[in-house]
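Working notes, structure below.
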Amino acid sequence: MEHTRYRGRFAPSPTGPLHFGSLVTAVATWLEARVANGEWLVRIEDLDPLREPPEATDQILHSLDRHGLHSDEPIRFQSRRHSAYETAIAALLNNGKAYRCSCSRKQLQAHDGRHPGQCRTRNAVPEDTAHAIRFALTDEDCQWQDLLLGPQRQIVRAELDDPVLQRKEGFYAYQLAVAVDDIDQGISHVVRGSDLLDMTAQQQQIFQALGANAPKWLHIPVILNNQGQKLSKQNHAPALDDSKPTTNLVHALTALGQHPPEHLFNTTVHDVLAWGRAHWQRTAIPLTSQQAHGITSSTQSHLDH
Ligand code: GLU
């Protein structure tokens with residue numbers, strides 16, 4: 001049997017500082033990698049400078065450092081990977097897996113997601129017209145195993161769901177960059193929030209089109225605030241308090257369904273991570289999104305503001 005070395009990653013988009021939900025993801029990725037005796041990498045997905053406050057990347061790296069989470073290899077920045085993305089797009093255009101598309105969102109909506117100018121079927125958009133690059137999906141009833149959620153099924157609809165790989169403004173899109181870098185970095189396992197579950201079937205096709213096998217996936221539930229919304233930048237999730245890394249880590253383990261003993265609150269980040277590693281039970285991770293329990297009421301109200 002072929003043995004693949006475990007290589008995992010935490011890949012935040014630097015749209016703001018880390019919040020409790022992103023720490024939970026970081027801890028899950030780290031523990032899965034450590035328990036498998038694998039490598040754990042940090043990759044900053046800084047693809048869209050318009051949505052990224054310039055200080056966010058440093059804040060994220062500082063927070064990870066304070067929480068004892070150190071990348072096993074030099075940190076990768078997607079902003080420095082443009083030539084790799086360009087090469088991948090050229091290859092996909094070349095073998096008919098991608099196409100130039102000049103349709104606006106409005107036009108697509110008015111045509112039920114079909115491309116009025118037949119850009120996909122006829123390769124009708126000249127290079128010098130403003131255009132996005134889209135991936136040409138194949139119709140598929142995609143079935144795959146999530147390492148936590150079990151059997152998954154997604155219907156992929158060619159043309160209607162074709163994801164953008166490069167936007168009209170020239171920015172490379174997440175769907176392209178994530179596959180190119182997961183392949184290039186030899187990522188064997190992807191652990192991430194279940195808000196990205198719907199992307200998975202499309203990503204499998206992109207991996208294949210780039211000549212690679214898809215990694216294994218494990219989607220963890222997203223953390224909600226008191227209003228039942230996902231903790232996110234858009235919902236004004238507060239930044240992690242980097243002065244309380246031990247407490248934050250204990251809460252993150254609780255959110256992942258583990259049962260860290262109370263005394264860990266009085267220890268160090270190193271001790272909490274070591275406990276997590278020694279006692280990690282993937283099967284204890286809750287399956288559905290949940291409010292951040294195990295959090296003191298003062299932290300909880302902090303999370304709501
Ligand atoms: N950069 C993505 C995010 O912050 C995560 C990408 C992934 O894990 O596939 O939501």
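By convention in this document, the chains of the structure tokens carry letters A, B, ... by their order, each chain's residues are numbered from 1, and ligands are numbered from 1 in the order they are shown.
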Problem - Nearby residues, ligand 1, 7 Å, only C-alpha atoms and all ligand atoms, as a PyMOL selection string - result: chain A and resi 10-13+45+178+190-192+196
Practice task
Excluding Thr246 in chain A and any residue of its chain fewer than 3 positions from it, enumerate the residues within 7 Å of it, using only C-alpha atoms, and give them as a ChimeraX atom specification.
Solution key: /A:249-250,265,268-269,272
Handout entry: Among listed residues A:Gly150, A:Gly68, A:His82, A:Lys168, nearest Ala274 in chain A (using only C-alpha atoms)
Key =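 Among the listed residues, the smallest separation from Ala274 in chain A belongs to A:Gly68.
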Practice task
With a distance cut-off of 12 Å and only C-alpha atoms, select the neighbouring residues of range 282-284 of chain A, excluding the residue or stretch itself and same-chain residues fewer than 3 positions from it, and output the selection as a PyMOL selection string.
Solution key: chain A and resi 28-29+31-33+35-36+147-150+191+218-221+253-259+276-277+279+287-288
What would the file look like if the residues just selected were written as a PDB file, in the first residue's frame with C-alpha atoms?
```
ATOM      1  CA  ALA A  28      -7.681  21.264  14.702  1.00  0.00           C
ATOM      2  CA  THR A  29      -5.258  21.396  11.765  1.00  0.00           C
ATOM      3  CA  LEU A  31      -3.530  18.455  16.246  1.00  0.00           C
ATOM      4  CA  GLU A  32      -4.480  16.322  13.260  1.00  0.00           C
ATOM      5  CA  ALA A  33      -0.987  16.826  11.827  1.00  0.00           C
ATOM      6  CA  VAL A  35      -1.163  13.091  15.994  1.00  0.00           C
ATOM      7  CA  ALA A  36      -0.289  11.689  12.545  1.00  0.00           C
ATOM      8  CA  LEU A 147     -12.958  12.251   7.552  1.00  0.00           C
ATOM      9  CA  LEU A 148     -15.360  13.686  10.118  1.00  0.00           C
ATOM     10  CA  LEU A 149     -18.725  14.011   8.385  1.00  0.00           C
ATOM     11  CA  GLY A 150     -18.637  10.704   6.516  1.00  0.00           C
ATOM     12  CA  VAL A 191      -8.780  20.384   7.698  1.00  0.00           C
ATOM     13  CA  LEU A 218     -12.025  16.966   7.136  1.00  0.00           C
ATOM     14  CA  HIS A 219     -14.527  19.766   7.726  1.00  0.00           C
ATOM     15  CA  ILE A 220     -15.023  20.971  11.259  1.00  0.00           C
ATOM     16  CA  PRO A 221     -18.148  22.817  12.390  1.00  0.00           C
ATOM     17  CA  LEU A 253     -10.151  22.295  22.697  1.00  0.00           C
ATOM     18  CA  THR A 254     -13.565  22.409  24.367  1.00  0.00           C
ATOM     19  CA  ALA A 255     -15.130  23.754  21.173  1.00  0.00           C
ATOM     20  CA  LEU A 256     -13.567  20.763  19.394  1.00  0.00           C
ATOM     21  CA  GLY A 257     -15.423  18.397  21.749  1.00  0.00           C
ATOM     22  CA  GLN A 258     -12.362  17.463  23.787  1.00  0.00           C
ATOM     23  CA  HIS A 259     -12.546  17.615  27.580  1.00  0.00           C
ATOM     24  CA  GLY A 276      -4.431  18.098  23.270  1.00  0.00           C
ATOM     25  CA  ARG A 277      -1.988  15.962  21.361  1.00  0.00           C
ATOM     26  CA  HIS A 279      -5.803  13.071  24.240  1.00  0.00           C
ATOM     27  CA  LEU A 287     -20.746  17.455  13.781  1.00  0.00           C
ATOM     28  CA  THR A 288     -22.825  20.587  13.648  1.00  0.00           C
TER      29      THR A 288
END
```
Practice task
Would you list the contacts of Glu127 in chain A as a ChimeraX atom specification, taking every protein, DNA or RNA residue within 12 Å and counting only C-alpha atoms, but skipping same-chain residues closer than 6 positions in sequence?
Solution key: /A:93,99-102,119,133,168
Could you write out the selected residues, including N, CA and C atoms, as a PDB file, in the first residue's frame?
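Writing the result to out.pdb gives the following:
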```pdb
ATOM      1  N   LEU A  93      -6.159  26.665 -19.783  1.00  0.00           N
ATOM      2  CA  LEU A  93      -6.720  27.249 -21.022  1.00  0.00           C
ATOM      3  C   LEU A  93      -6.319  26.380 -22.206  1.00  0.00           C
ATOM      4  N   TYR A  99     -11.744  28.820 -19.544  1.00  0.00           N
ATOM      5  CA  TYR A  99     -12.111  29.671 -20.677  1.00  0.00           C
ATOM      6  C   TYR A  99     -12.248  31.117 -20.239  1.00  0.00           C
ATOM      7  N   ARG A 100     -12.103  31.988 -21.209  1.00  0.00           N
ATOM      8  CA  ARG A 100     -12.266  33.419 -20.933  1.00  0.00           C
ATOM      9  C   ARG A 100     -13.755  33.752 -20.921  1.00  0.00           C
ATOM     10  N   CYS A 101     -14.161  34.559 -19.952  1.00  0.00           N
ATOM     11  CA  CYS A 101     -15.582  34.875 -19.816  1.00  0.00           C
ATOM     12  C   CYS A 101     -15.733  36.363 -19.525  1.00  0.00           C
ATOM     13  N   SER A 102     -16.529  37.042 -20.335  1.00  0.00           N
ATOM     14  CA  SER A 102     -16.701  38.485 -20.122  1.00  0.00           C
ATOM     15  C   SER A 102     -18.069  38.799 -19.525  1.00  0.00           C
ATOM     16  N   CYS A 119     -19.369  31.989 -24.208  1.00  0.00           N
ATOM     17  CA  CYS A 119     -17.912  32.061 -24.064  1.00  0.00           C
ATOM     18  C   CYS A 119     -17.330  30.686 -23.761  1.00  0.00           C
ATOM     19  N   ILE A 133     -11.286  34.488 -15.998  1.00  0.00           N
ATOM     20  CA  ILE A 133     -11.037  33.111 -16.446  1.00  0.00           C
ATOM     21  C   ILE A 133     -11.882  32.211 -15.552  1.00  0.00           C
ATOM     22  N   LYS A 168     -11.766  39.566 -13.326  1.00  0.00           N
ATOM     23  CA  LYS A 168     -11.537  40.552 -14.393  1.00  0.00           C
ATOM     24  C   LYS A 168     -10.447  41.541 -14.023  1.00  0.00           C
TER      25      LYS A 168
END
```
Exercise for the section: Using only C-alpha atoms, determine which residues lie at most 7 Å from Ile187 in chain A, disregarding the query and same-chain residues fewer than 3 positions distant; provide the list as a PyMOL selection string. Expected result: chain A and resi 7-8+182-183+215
Would you export the selected residues with N, CA, C and O atoms as a PDB file, in the first residue's frame, please?
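So out-v4.pdb came out as:
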```
ATOM      1  N   ARG A   7       0.807  15.738   5.476  1.00  0.00           N
ATOM      2  CA  ARG A   7       1.179  17.160   5.444  1.00  0.00           C
ATOM      3  C   ARG A   7      -0.106  17.978   5.481  1.00  0.00           C
ATOM      4  O   ARG A   7      -0.932  17.905   4.580  1.00  0.00           O
ATOM      5  N   GLY A   8      -0.246  18.723   6.555  1.00  0.00           N
ATOM      6  CA  GLY A   8      -1.452  19.536   6.714  1.00  0.00           C
ATOM      7  C   GLY A   8      -1.101  21.004   6.688  1.00  0.00           C
ATOM      8  O   GLY A   8       0.080  21.372   6.689  1.00  0.00           O
ATOM      9  N   ASP A 182      -1.893  23.639  -2.652  1.00  0.00           N
ATOM     10  CA  ASP A 182      -1.994  22.336  -1.968  1.00  0.00           C
ATOM     11  C   ASP A 182      -1.208  21.287  -2.752  1.00  0.00           C
ATOM     12  O   ASP A 182      -0.528  20.439  -2.161  1.00  0.00           O
ATOM     13  N   ILE A 183      -1.254  21.366  -4.074  1.00  0.00           N
ATOM     14  CA  ILE A 183      -0.484  20.408  -4.893  1.00  0.00           C
ATOM     15  C   ILE A 183       1.009  20.676  -4.721  1.00  0.00           C
ATOM     16  O   ILE A 183       1.794  19.783  -4.401  1.00  0.00           O
ATOM     17  N   PRO A 215      -6.482  15.963  -2.030  1.00  0.00           N
ATOM     18  CA  PRO A 215      -6.139  15.532  -0.665  1.00  0.00           C
ATOM     19  C   PRO A 215      -7.366  14.929   0.028  1.00  0.00           C
ATOM     20  O   PRO A 215      -8.461  14.938  -0.533  1.00  0.00           O
TER      21      PRO A 215
END
```
Problem - Straight-line distance linking CA of Phe171 in chain A with CA of Arg76 in chain A, stated in Å to one decimal - result: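 It comes out at 17.7 Å.
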Practice task
Point out the residue among A:Trp30, A:Trp280, A:Phe135, A:Trp217 with the least atom-to-atom distance to Leu165 in chain A, counting only C-alpha atoms.
Solution key: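 Using only C-alpha atoms, the shortest distance to Leu165 in chain A belongs to A:Phe135.
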Practice task
Enumerate as a list in words all residues of range 7-52 of chain A assigned to strand (DSSP E or B) by DSSP on the backbone, naming them with the chain letters and numbers the document uses.
Solution key: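 In range 7-52 of chain A, DSSP puts these residues in strand (DSSP E or B): Arg7, Gly8, Arg9, Phe10, Glu39, Trp40, Leu41, Val42, Arg43 and Ile44 of chain A.
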Practice task
Write down as a VMD selection string the residues of range 187-254 of chain A whose backbone DSSP state falls under alpha helix (DSSP H).
Solution key: chain A and resid 200 to 209 245 to 254
Handout entry: Coordinates-based distance that separates CA of Gly170 in chain A from CA of Gly96 in chain A (Å, one decimal)
Key =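 Going from CA of Gly96 in chain A over to CA of Gly170 in chain A, I get 20.0 Å.
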Exercise for the section: Take CA of Asp128 in chain A and CA of Asn95 in chain A and report the distance between them in Å, one decimal. Expected result: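 Answer for the CA of Asp128 in chain A to CA of Asn95 in chain A separation: 20.2 Å.
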Handout entry: Among the residues A:Gly21, A:Pro116, A:Gly16, A:Pro49, the one that comes closest to Ile223 in chain A [using only C-alpha atoms]
Key =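 Nearest to Ile223 in chain A: A:Gly21.
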